[in-house]
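S.K.: My structure file data25.cif, mmCIF, N, CA, C and O atoms, is below:
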```cif
data_query
#
loop_
_atom_site.label_atom_id
_atom_site.label_comp_id
_atom_site.auth_asym_id
_atom_site.auth_seq_id
_atom_site.Cartn_x
_atom_site.Cartn_y
_atom_site.Cartn_z
N MET A 1 -11.01 24.54 78.72
CA MET A 1 -9.88 23.86 78.11
C MET A 1 -10.32 22.49 77.62
O MET A 1 -11.02 21.76 78.30
N ALA A 2 -9.89 22.15 76.43
CA ALA A 2 -10.27 20.87 75.83
C ALA A 2 -9.53 19.72 76.51
O ALA A 2 -8.35 19.83 76.83
N THR A 3 -10.26 18.63 76.71
CA THR A 3 -9.69 17.44 77.33
C THR A 3 -9.25 16.48 76.24
O THR A 3 -10.00 16.20 75.30
N LYS A 4 -8.05 15.97 76.37
CA LYS A 4 -7.50 15.02 75.41
C LYS A 4 -8.37 13.77 75.35
O LYS A 4 -8.93 13.34 76.36
N LEU A 5 -8.47 13.19 74.18
CA LEU A 5 -9.23 11.94 74.02
C LEU A 5 -8.55 10.82 74.81
O LEU A 5 -7.32 10.75 74.85
N PRO A 6 -9.33 9.92 75.41
CA PRO A 6 -8.74 8.77 76.09
C PRO A 6 -8.18 7.79 75.06
O PRO A 6 -8.47 7.88 73.87
N VAL A 7 -7.41 6.84 75.52
CA VAL A 7 -6.87 5.80 74.65
C VAL A 7 -8.03 4.88 74.26
O VAL A 7 -8.63 4.24 75.12
N ILE A 8 -8.35 4.84 72.97
CA ILE A 8 -9.50 4.05 72.50
C ILE A 8 -9.13 3.09 71.39
O ILE A 8 -9.99 2.45 70.82
N GLY A 9 -7.87 3.00 71.04
CA GLY A 9 -7.44 2.11 69.97
C GLY A 9 -7.15 2.91 68.70
O GLY A 9 -7.76 3.93 68.44
N ALA A 10 -6.21 2.40 67.94
CA ALA A 10 -5.75 3.12 66.75
C ALA A 10 -6.83 3.35 65.69
O ALA A 10 -6.96 4.48 65.19
N PRO A 11 -7.63 2.34 65.33
CA PRO A 11 -8.64 2.60 64.29
C PRO A 11 -9.66 3.67 64.70
O PRO A 11 -10.00 4.55 63.90
N ALA A 12 -10.10 3.63 65.94
CA ALA A 12 -11.07 4.62 66.41
C ALA A 12 -10.44 6.00 66.50
O ALA A 12 -11.05 7.00 66.12
N THR A 13 -9.21 6.06 66.97
CA THR A 13 -8.50 7.34 67.06
C THR A 13 -8.34 7.96 65.67
O THR A 13 -8.59 9.15 65.48
N ARG A 14 -7.94 7.15 64.70
CA ARG A 14 -7.79 7.65 63.33
C ARG A 14 -9.12 8.14 62.77
O ARG A 14 -9.18 9.18 62.11
N ALA A 15 -10.18 7.41 63.04
CA ALA A 15 -11.51 7.80 62.54
C ALA A 15 -11.94 9.14 63.14
O ALA A 15 -12.47 10.00 62.42
N LEU A 16 -11.70 9.33 64.43
CA LEU A 16 -12.07 10.58 65.07
C LEU A 16 -11.24 11.73 64.53
O LEU A 16 -11.76 12.80 64.22
N GLU A 17 -9.94 11.51 64.39
CA GLU A 17 -9.07 12.56 63.87
C GLU A 17 -9.46 12.94 62.44
O GLU A 17 -9.48 14.12 62.10
N LYS A 18 -9.78 11.96 61.62
CA LYS A 18 -10.20 12.21 60.25
C LYS A 18 -11.49 13.04 60.21
O LYS A 18 -11.68 13.87 59.33
N ALA A 19 -12.36 12.84 61.21
CA ALA A 19 -13.61 13.58 61.31
C ALA A 19 -13.42 14.94 61.99
O ALA A 19 -14.38 15.69 62.16
N GLY A 20 -12.19 15.24 62.41
CA GLY A 20 -11.91 16.52 63.05
C GLY A 20 -12.22 16.55 64.53
O GLY A 20 -12.28 17.62 65.13
N ILE A 21 -12.39 15.39 65.13
CA ILE A 21 -12.71 15.30 66.56
C ILE A 21 -11.40 15.04 67.31
O ILE A 21 -10.82 13.96 67.21
N THR A 22 -10.95 16.06 68.03
CA THR A 22 -9.65 15.97 68.70
C THR A 22 -9.73 16.10 70.21
O THR A 22 -8.72 16.01 70.89
N SER A 23 -10.93 16.35 70.74
CA SER A 23 -11.07 16.47 72.19
C SER A 23 -12.28 15.68 72.67
O SER A 23 -13.19 15.37 71.89
N LEU A 24 -12.27 15.40 73.94
CA LEU A 24 -13.38 14.66 74.55
C LEU A 24 -14.68 15.44 74.44
O LEU A 24 -15.74 14.88 74.16
N GLU A 25 -14.60 16.76 74.61
CA GLU A 25 -15.80 17.60 74.50
C GLU A 25 -16.39 17.55 73.09
O GLU A 25 -17.60 17.49 72.92
N GLN A 26 -15.53 17.57 72.08
CA GLN A 26 -16.00 17.47 70.70
C GLN A 26 -16.68 16.12 70.47
O GLN A 26 -17.69 16.06 69.77
N ALA A 27 -16.13 15.08 71.06
CA ALA A 27 -16.74 13.75 70.92
C ALA A 27 -18.14 13.75 71.51
O ALA A 27 -19.08 13.23 70.91
N GLY A 28 -18.30 14.35 72.68
CA GLY A 28 -19.61 14.42 73.32
C GLY A 28 -20.59 15.22 72.49
O GLY A 28 -21.76 14.85 72.35
N ASP A 29 -20.12 16.33 71.92
CA ASP A 29 -20.99 17.18 71.11
C ASP A 29 -21.36 16.53 69.78
O ASP A 29 -22.42 16.80 69.23
N THR A 30 -20.49 15.67 69.27
CA THR A 30 -20.76 14.98 68.00
C THR A 30 -21.93 14.03 68.16
O THR A 30 -22.76 13.91 67.27
N GLY A 31 -21.98 13.35 69.28
CA GLY A 31 -23.10 12.48 69.57
C GLY A 31 -22.84 11.01 69.27
O GLY A 31 -21.99 10.66 68.45
N PHE A 32 -23.59 10.19 69.97
CA PHE A 32 -23.42 8.74 69.92
C PHE A 32 -23.65 8.18 68.51
O PHE A 32 -22.83 7.43 67.99
N LYS A 33 -24.77 8.55 67.89
CA LYS A 33 -25.10 7.98 66.58
C LYS A 33 -24.10 8.37 65.52
O LYS A 33 -23.68 7.54 64.71
N ALA A 34 -23.68 9.63 65.51
CA ALA A 34 -22.71 10.09 64.52
C ALA A 34 -21.36 9.41 64.72
O ALA A 34 -20.68 9.05 63.75
N MET A 35 -20.97 9.22 65.98
CA MET A 35 -19.69 8.57 66.25
C MET A 35 -19.76 7.10 65.88
O MET A 35 -18.81 6.56 65.32
N ALA A 36 -20.88 6.45 66.17
CA ALA A 36 -21.03 5.03 65.85
C ALA A 36 -20.99 4.80 64.34
O ALA A 36 -20.62 3.71 63.89
N ALA A 37 -21.36 5.80 63.57
CA ALA A 37 -21.37 5.67 62.12
C ALA A 37 -19.97 5.77 61.51
O ALA A 37 -19.78 5.41 60.34
N LEU A 38 -19.00 6.23 62.28
CA LEU A 38 -17.64 6.36 61.76
C LEU A 38 -16.98 4.98 61.67
O LEU A 38 -17.01 4.21 62.62
N HIS A 39 -16.38 4.70 60.53
CA HIS A 39 -15.68 3.43 60.33
C HIS A 39 -14.48 3.37 61.27
O HIS A 39 -13.64 4.26 61.26
N GLY A 40 -14.44 2.37 62.12
CA GLY A 40 -13.35 2.20 63.08
C GLY A 40 -13.77 2.48 64.51
O GLY A 40 -13.05 2.14 65.44
N VAL A 41 -14.92 3.11 64.68
CA VAL A 41 -15.41 3.40 66.03
C VAL A 41 -16.47 2.36 66.38
O VAL A 41 -17.55 2.35 65.82
N GLY A 42 -16.11 1.47 67.29
CA GLY A 42 -17.03 0.40 67.67
C GLY A 42 -17.54 0.56 69.08
O GLY A 42 -17.30 1.57 69.75
N PRO A 43 -18.26 -0.45 69.56
CA PRO A 43 -18.87 -0.40 70.90
C PRO A 43 -17.86 -0.15 72.02
O PRO A 43 -18.15 0.58 72.97
N LYS A 44 -16.68 -0.75 71.92
CA LYS A 44 -15.68 -0.57 72.98
C LYS A 44 -15.23 0.88 73.06
O LYS A 44 -15.16 1.46 74.14
N ALA A 45 -14.93 1.49 71.91
CA ALA A 45 -14.50 2.89 71.89
C ALA A 45 -15.61 3.80 72.40
O ALA A 45 -15.35 4.74 73.17
N LEU A 46 -16.84 3.53 72.01
CA LEU A 46 -17.96 4.35 72.46
C LEU A 46 -18.14 4.25 73.97
O LEU A 46 -18.42 5.24 74.64
N LYS A 47 -17.94 3.06 74.51
CA LYS A 47 -18.06 2.86 75.96
C LYS A 47 -16.97 3.64 76.68
O LYS A 47 -17.24 4.32 77.68
N ILE A 48 -15.74 3.56 76.19
CA ILE A 48 -14.63 4.27 76.82
C ILE A 48 -14.88 5.77 76.78
O ILE A 48 -14.67 6.48 77.77
N LEU A 49 -15.33 6.28 75.63
CA LEU A 49 -15.61 7.70 75.51
C LEU A 49 -16.74 8.13 76.44
O LEU A 49 -16.65 9.16 77.11
N SER A 50 -17.80 7.33 76.50
CA SER A 50 -18.94 7.65 77.38
C SER A 50 -18.51 7.68 78.83
O SER A 50 -18.91 8.56 79.60
N GLU A 51 -17.69 6.73 79.24
CA GLU A 51 -17.21 6.67 80.62
C GLU A 51 -16.31 7.86 80.94
O GLU A 51 -16.39 8.43 82.03
N ALA A 52 -15.45 8.23 79.99
CA ALA A 52 -14.55 9.37 80.20
C ALA A 52 -15.37 10.67 80.33
O ALA A 52 -15.05 11.53 81.15
N LEU A 53 -16.41 10.79 79.52
CA LEU A 53 -17.28 11.96 79.62
C LEU A 53 -17.99 11.98 80.98
O LEU A 53 -18.05 13.02 81.64
N ALA A 54 -18.51 10.83 81.40
CA ALA A 54 -19.24 10.74 82.67
C ALA A 54 -18.34 11.11 83.85
O ALA A 54 -18.80 11.75 84.80
N GLU A 55 -17.07 10.74 83.78
CA GLU A 55 -16.13 11.08 84.85
C GLU A 55 -15.99 12.59 85.01
O GLU A 55 -15.63 13.08 86.08
N ARG A 56 -16.27 13.32 83.95
CA ARG A 56 -16.16 14.78 83.96
C ARG A 56 -17.52 15.46 84.08
O ARG A 56 -17.65 16.64 83.88
N GLY A 57 -18.56 14.64 84.35
CA GLY A 57 -19.89 15.17 84.50
C GLY A 57 -20.55 15.57 83.19
O GLY A 57 -21.48 16.35 83.16
N LEU A 58 -20.05 15.00 82.09
CA LEU A 58 -20.59 15.29 80.76
C LEU A 58 -21.27 14.06 80.19
O LEU A 58 -21.05 12.95 80.66
N THR A 59 -22.08 14.26 79.16
CA THR A 59 -22.73 13.14 78.49
C THR A 59 -22.53 13.25 77.00
O THR A 59 -22.23 14.33 76.48
N MET A 60 -22.73 12.14 76.31
CA MET A 60 -22.67 12.13 74.86
C MET A 60 -24.08 12.34 74.33
O MET A 60 -25.01 11.68 74.76
N LYS A 61 -24.21 13.26 73.42
CA LYS A 61 -25.53 13.53 72.84
C LYS A 61 -25.99 12.32 72.05
O LYS A 61 -25.19 11.53 71.59
N GLY A 62 -27.32 12.21 71.89
CA GLY A 62 -27.93 11.10 71.19
C GLY A 62 -27.42 10.93 69.84
O GLY A 62 -27.10 10.03 69.25
#
```
Could I get this structure in the form of C-alpha coordinates?
M.R.:
Amino acid sequence: MATKLPVIGAPATRALEKAGITSLEQAGDTGFKAMAALHGVGPKALKILSEALAERGLTMKG
(Lines of atoms letter the chains of each structure in order from A and count residues from 1; the text may use other names and numbers.)
(Lines give C-alpha, C1' and ligand atoms only; values in the text may rest on other atoms or scores of the structure.)
Protein backbone atom coordinates (compact mmCIF):
# COMPACT_ATOMS: atom_id res chain seq x y z
CA MET A 1 0.00 0.00 0.00
CA ALA A 2 1.30 3.43 -0.94
CA THR A 3 2.17 5.80 1.89
CA LYS A 4 0.89 9.36 1.66
CA LEU A 5 3.53 12.05 1.24
CA PRO A 6 4.43 13.92 4.44
CA VAL A 7 3.70 17.63 4.78
CA ILE A 8 6.61 19.27 2.95
CA GLY A 9 5.24 22.67 1.95
CA ALA A 10 3.05 23.80 -0.91
CA PRO A 11 5.73 24.48 -3.56
CA ALA A 12 7.39 21.09 -3.05
CA THR A 13 4.04 19.29 -2.96
CA ARG A 14 2.98 20.94 -6.22
CA ALA A 15 6.30 20.04 -7.85
CA LEU A 16 5.98 16.40 -6.84
CA GLU A 17 2.36 16.18 -7.99
CA LYS A 18 3.26 17.78 -11.33
CA ALA A 19 5.98 15.12 -11.73
CA GLY A 20 3.44 12.38 -10.94
CA ILE A 21 4.92 11.57 -7.53
CA THR A 22 2.00 10.96 -5.18
CA SER A 23 3.40 8.53 -2.62
CA LEU A 24 6.40 8.28 -0.34
CA GLU A 25 7.53 5.11 -2.12
CA GLN A 26 7.47 6.88 -5.49
CA ALA A 27 9.56 9.68 -4.00
CA GLY A 28 12.14 7.17 -2.80
CA ASP A 29 12.22 5.44 -6.19
CA THR A 30 12.58 8.76 -8.02
CA GLY A 31 15.81 9.44 -6.19
CA PHE A 32 17.53 12.32 -4.48
CA LYS A 33 19.11 13.96 -7.53
CA ALA A 34 15.94 13.85 -9.64
CA MET A 35 13.86 15.25 -6.79
CA ALA A 36 16.39 18.00 -6.06
CA ALA A 37 16.17 19.05 -9.70
CA LEU A 38 12.44 19.76 -9.41
CA HIS A 39 11.62 23.46 -9.07
CA GLY A 40 10.14 23.94 -5.60
CA VAL A 41 11.82 20.98 -3.93
CA GLY A 42 14.56 22.27 -1.66
CA PRO A 43 16.81 20.91 1.08
CA LYS A 44 14.10 21.07 3.75
CA ALA A 45 11.62 19.03 1.69
CA LEU A 46 14.32 16.49 0.80
CA LYS A 47 15.24 16.13 4.47
CA ILE A 48 11.61 15.59 5.49
CA LEU A 49 11.13 13.01 2.74
CA SER A 50 14.37 11.21 3.63
CA GLU A 51 13.40 11.07 7.31
CA ALA A 52 9.90 9.80 6.48
CA LEU A 53 11.41 7.07 4.31
CA ALA A 54 13.91 6.12 7.04
CA GLU A 55 11.08 5.78 9.57
CA ARG A 56 9.66 3.07 7.31
CA GLY A 57 13.00 1.37 6.76
CA LEU A 58 13.30 2.76 3.22
CA THR A 59 15.91 4.95 1.56
CA MET A 60 15.95 7.47 -1.25
CA LYS A 61 17.91 6.35 -4.27
CA GLY A 62 20.92 8.41 -5.34
S.K.: Find the residue from A:Thr30, A:Glu25, A:Gly40, A:Met35 that sits nearest to Ala2 of chain A; use only C-alpha atoms when measuring.
M.R.: A:Glu25
S.K.: Check the DSSP output for the backbone and give back, as a ChimeraX atom specification, the residues of chain A in helix (DSSP H, G or I).
M.R.: /A:10-18,24-30,32-36,43-55
S.K.: Suppose a student applies the PyMOL selection byres ((chain A and resi 5-10) around 6) to this structure; what residues should they get, written as a PDB file with N, CA, C and O atoms, in the frame of the given file?
M.R.:
```
ATOM      1  N   THR A   3     -10.260  18.630  76.710  1.00  0.00           N
ATOM      2  CA  THR A   3      -9.690  17.440  77.330  1.00  0.00           C
ATOM      3  C   THR A   3      -9.250  16.480  76.240  1.00  0.00           C
ATOM      4  O   THR A   3     -10.000  16.200  75.300  1.00  0.00           O
ATOM      5  N   LYS A   4      -8.050  15.970  76.370  1.00  0.00           N
ATOM      6  CA  LYS A   4      -7.500  15.020  75.410  1.00  0.00           C
ATOM      7  C   LYS A   4      -8.370  13.770  75.350  1.00  0.00           C
ATOM      8  O   LYS A   4      -8.930  13.340  76.360  1.00  0.00           O
ATOM      9  N   PRO A  11      -7.630   2.340  65.330  1.00  0.00           N
ATOM     10  CA  PRO A  11      -8.640   2.600  64.290  1.00  0.00           C
ATOM     11  C   PRO A  11      -9.660   3.670  64.700  1.00  0.00           C
ATOM     12  O   PRO A  11     -10.000   4.550  63.900  1.00  0.00           O
ATOM     13  N   ALA A  12     -10.100   3.630  65.940  1.00  0.00           N
ATOM     14  CA  ALA A  12     -11.070   4.620  66.410  1.00  0.00           C
ATOM     15  C   ALA A  12     -10.440   6.000  66.500  1.00  0.00           C
ATOM     16  O   ALA A  12     -11.050   7.000  66.120  1.00  0.00           O
ATOM     17  N   THR A  13      -9.210   6.060  66.970  1.00  0.00           N
ATOM     18  CA  THR A  13      -8.500   7.340  67.060  1.00  0.00           C
ATOM     19  C   THR A  13      -8.340   7.960  65.670  1.00  0.00           C
ATOM     20  O   THR A  13      -8.590   9.150  65.480  1.00  0.00           O
ATOM     21  N   ARG A  14      -7.940   7.150  64.700  1.00  0.00           N
ATOM     22  CA  ARG A  14      -7.790   7.650  63.330  1.00  0.00           C
ATOM     23  C   ARG A  14      -9.120   8.140  62.770  1.00  0.00           C
ATOM     24  O   ARG A  14      -9.180   9.180  62.110  1.00  0.00           O
ATOM     25  N   ALA A  15     -10.180   7.410  63.040  1.00  0.00           N
ATOM     26  CA  ALA A  15     -11.510   7.800  62.540  1.00  0.00           C
ATOM     27  C   ALA A  15     -11.940   9.140  63.140  1.00  0.00           C
ATOM     28  O   ALA A  15     -12.470  10.000  62.420  1.00  0.00           O
ATOM     29  N   THR A  22     -10.950  16.060  68.030  1.00  0.00           N
ATOM     30  CA  THR A  22      -9.650  15.970  68.700  1.00  0.00           C
ATOM     31  C   THR A  22      -9.730  16.100  70.210  1.00  0.00           C
ATOM     32  O   THR A  22      -8.720  16.010  70.890  1.00  0.00           O
ATOM     33  N   SER A  23     -10.930  16.350  70.740  1.00  0.00           N
ATOM     34  CA  SER A  23     -11.070  16.470  72.190  1.00  0.00           C
ATOM     35  C   SER A  23     -12.280  15.680  72.670  1.00  0.00           C
ATOM     36  O   SER A  23     -13.190  15.370  71.890  1.00  0.00           O
ATOM     37  N   LEU A  24     -12.270  15.400  73.940  1.00  0.00           N
ATOM     38  CA  LEU A  24     -13.380  14.660  74.550  1.00  0.00           C
ATOM     39  C   LEU A  24     -14.680  15.440  74.440  1.00  0.00           C
ATOM     40  O   LEU A  24     -15.740  14.880  74.160  1.00  0.00           O
ATOM     41  N   LYS A  44     -16.680  -0.750  71.920  1.00  0.00           N
ATOM     42  CA  LYS A  44     -15.680  -0.570  72.980  1.00  0.00           C
ATOM     43  C   LYS A  44     -15.230   0.880  73.060  1.00  0.00           C
ATOM     44  O   LYS A  44     -15.160   1.460  74.140  1.00  0.00           O
ATOM     45  N   ALA A  45     -14.930   1.490  71.910  1.00  0.00           N
ATOM     46  CA  ALA A  45     -14.500   2.890  71.890  1.00  0.00           C
ATOM     47  C   ALA A  45     -15.610   3.800  72.400  1.00  0.00           C
ATOM     48  O   ALA A  45     -15.350   4.740  73.170  1.00  0.00           O
TER      49      ALA A  45
END
```
S.K.: Name every residue that the PyMOL selection byres ((chain A and resi 55-59) around 8) selects in this structure, writing the answer as a list in words with chains first and numbers rising.
M.R.: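 The output of the PyMOL selection byres ((chain A and resi 55-59) around 8) on this file is Leu24, Glu25, Ala27, Gly28, Asp29, Thr30, Gly31, Phe32, Ile48, Leu49, Ser50, Glu51, Ala52, Leu53, Ala54, Met60, Lys61 and Gly62 of chain A.
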S.K.: Any chance you could export the current selection's N, CA, C and O atoms as a PDB file, in the coordinates of the input?
M.R.:
```pdb
ATOM      1  N   LEU A  24     -12.270  15.400  73.940  1.00  0.00           N
ATOM      2  CA  LEU A  24     -13.380  14.660  74.550  1.00  0.00           C
ATOM      3  C   LEU A  24     -14.680  15.440  74.440  1.00  0.00           C
ATOM      4  O   LEU A  24     -15.740  14.880  74.160  1.00  0.00           O
ATOM      5  N   GLU A  25     -14.600  16.760  74.610  1.00  0.00           N
ATOM      6  CA  GLU A  25     -15.800  17.600  74.500  1.00  0.00           C
ATOM      7  C   GLU A  25     -16.390  17.550  73.090  1.00  0.00           C
ATOM      8  O   GLU A  25     -17.600  17.490  72.920  1.00  0.00           O
ATOM      9  N   ALA A  27     -16.130  15.080  71.060  1.00  0.00           N
ATOM     10  CA  ALA A  27     -16.740  13.750  70.920  1.00  0.00           C
ATOM     11  C   ALA A  27     -18.140  13.750  71.510  1.00  0.00           C
ATOM     12  O   ALA A  27     -19.080  13.230  70.910  1.00  0.00           O
ATOM     13  N   GLY A  28     -18.300  14.350  72.680  1.00  0.00           N
ATOM     14  CA  GLY A  28     -19.610  14.420  73.320  1.00  0.00           C
ATOM     15  C   GLY A  28     -20.590  15.220  72.490  1.00  0.00           C
ATOM     16  O   GLY A  28     -21.760  14.850  72.350  1.00  0.00           O
ATOM     17  N   ASP A  29     -20.120  16.330  71.920  1.00  0.00           N
ATOM     18  CA  ASP A  29     -20.990  17.180  71.110  1.00  0.00           C
ATOM     19  C   ASP A  29     -21.360  16.530  69.780  1.00  0.00           C
ATOM     20  O   ASP A  29     -22.420  16.800  69.230  1.00  0.00           O
ATOM     21  N   THR A  30     -20.490  15.670  69.270  1.00  0.00           N
ATOM     22  CA  THR A  30     -20.760  14.980  68.000  1.00  0.00           C
ATOM     23  C   THR A  30     -21.930  14.030  68.160  1.00  0.00           C
ATOM     24  O   THR A  30     -22.760  13.910  67.270  1.00  0.00           O
ATOM     25  N   GLY A  31     -21.980  13.350  69.280  1.00  0.00           N
ATOM     26  CA  GLY A  31     -23.100  12.480  69.570  1.00  0.00           C
ATOM     27  C   GLY A  31     -22.840  11.010  69.270  1.00  0.00           C
ATOM     28  O   GLY A  31     -21.990  10.660  68.450  1.00  0.00           O
ATOM     29  N   PHE A  32     -23.590  10.190  69.970  1.00  0.00           N
ATOM     30  CA  PHE A  32     -23.420   8.740  69.920  1.00  0.00           C
ATOM     31  C   PHE A  32     -23.650   8.180  68.510  1.00  0.00           C
ATOM     32  O   PHE A  32     -22.830   7.430  67.990  1.00  0.00           O
ATOM     33  N   ILE A  48     -15.740   3.560  76.190  1.00  0.00           N
ATOM     34  CA  ILE A  48     -14.630   4.270  76.820  1.00  0.00           C
ATOM     35  C   ILE A  48     -14.880   5.770  76.780  1.00  0.00           C
ATOM     36  O   ILE A  48     -14.670   6.480  77.770  1.00  0.00           O
ATOM     37  N   LEU A  49     -15.330   6.280  75.630  1.00  0.00           N
ATOM     38  CA  LEU A  49     -15.610   7.700  75.510  1.00  0.00           C
ATOM     39  C   LEU A  49     -16.740   8.130  76.440  1.00  0.00           C
ATOM     40  O   LEU A  49     -16.650   9.160  77.110  1.00  0.00           O
ATOM     41  N   SER A  50     -17.800   7.330  76.500  1.00  0.00           N
ATOM     42  CA  SER A  50     -18.940   7.650  77.380  1.00  0.00           C
ATOM     43  C   SER A  50     -18.510   7.680  78.830  1.00  0.00           C
ATOM     44  O   SER A  50     -18.910   8.560  79.600  1.00  0.00           O
ATOM     45  N   GLU A  51     -17.690   6.730  79.240  1.00  0.00           N
ATOM     46  CA  GLU A  51     -17.210   6.670  80.620  1.00  0.00           C
ATOM     47  C   GLU A  51     -16.310   7.860  80.940  1.00  0.00           C
ATOM     48  O   GLU A  51     -16.390   8.430  82.030  1.00  0.00           O
ATOM     49  N   ALA A  52     -15.450   8.230  79.990  1.00  0.00           N
ATOM     50  CA  ALA A  52     -14.550   9.370  80.200  1.00  0.00           C
ATOM     51  C   ALA A  52     -15.370  10.670  80.330  1.00  0.00           C
ATOM     52  O   ALA A  52     -15.050  11.530  81.150  1.00  0.00           O
ATOM     53  N   LEU A  53     -16.410  10.790  79.520  1.00  0.00           N
ATOM     54  CA  LEU A  53     -17.280  11.960  79.620  1.00  0.00           C
ATOM     55  C   LEU A  53     -17.990  11.980  80.980  1.00  0.00           C
ATOM     56  O   LEU A  53     -18.050  13.020  81.640  1.00  0.00           O
ATOM     57  N   ALA A  54     -18.510  10.830  81.400  1.00  0.00           N
ATOM     58  CA  ALA A  54     -19.240  10.740  82.670  1.00  0.00           C
ATOM     59  C   ALA A  54     -18.340  11.110  83.850  1.00  0.00           C
ATOM     60  O   ALA A  54     -18.800  11.750  84.800  1.00  0.00           O
ATOM     61  N   MET A  60     -22.730  12.140  76.310  1.00  0.00           N
ATOM     62  CA  MET A  60     -22.670  12.130  74.860  1.00  0.00           C
ATOM     63  C   MET A  60     -24.080  12.340  74.330  1.00  0.00           C
ATOM     64  O   MET A  60     -25.010  11.680  74.760  1.00  0.00           O
ATOM     65  N   LYS A  61     -24.210  13.260  73.420  1.00  0.00           N
ATOM     66  CA  LYS A  61     -25.530  13.530  72.840  1.00  0.00           C
ATOM     67  C   LYS A  61     -25.990  12.320  72.050  1.00  0.00           C
ATOM     68  O   LYS A  61     -25.190  11.530  71.590  1.00  0.00           O
ATOM     69  N   GLY A  62     -27.320  12.210  71.890  1.00  0.00           N
ATOM     70  CA  GLY A  62     -27.930  11.100  71.190  1.00  0.00           C
ATOM     71  C   GLY A  62     -27.420  10.930  69.840  1.00  0.00           C
ATOM     72  O   GLY A  62     -27.100  10.030  69.250  1.00  0.00           O
TER      73      GLY A  62
END
```
S.K.: By how many Å are atom O of Met1 of chain A and atom O of Gly20 of chain A apart?
M.R.: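 So the two atoms, atom O of Met1 of chain A and atom O of Gly20 of chain A, lie 13.9 Å apart.
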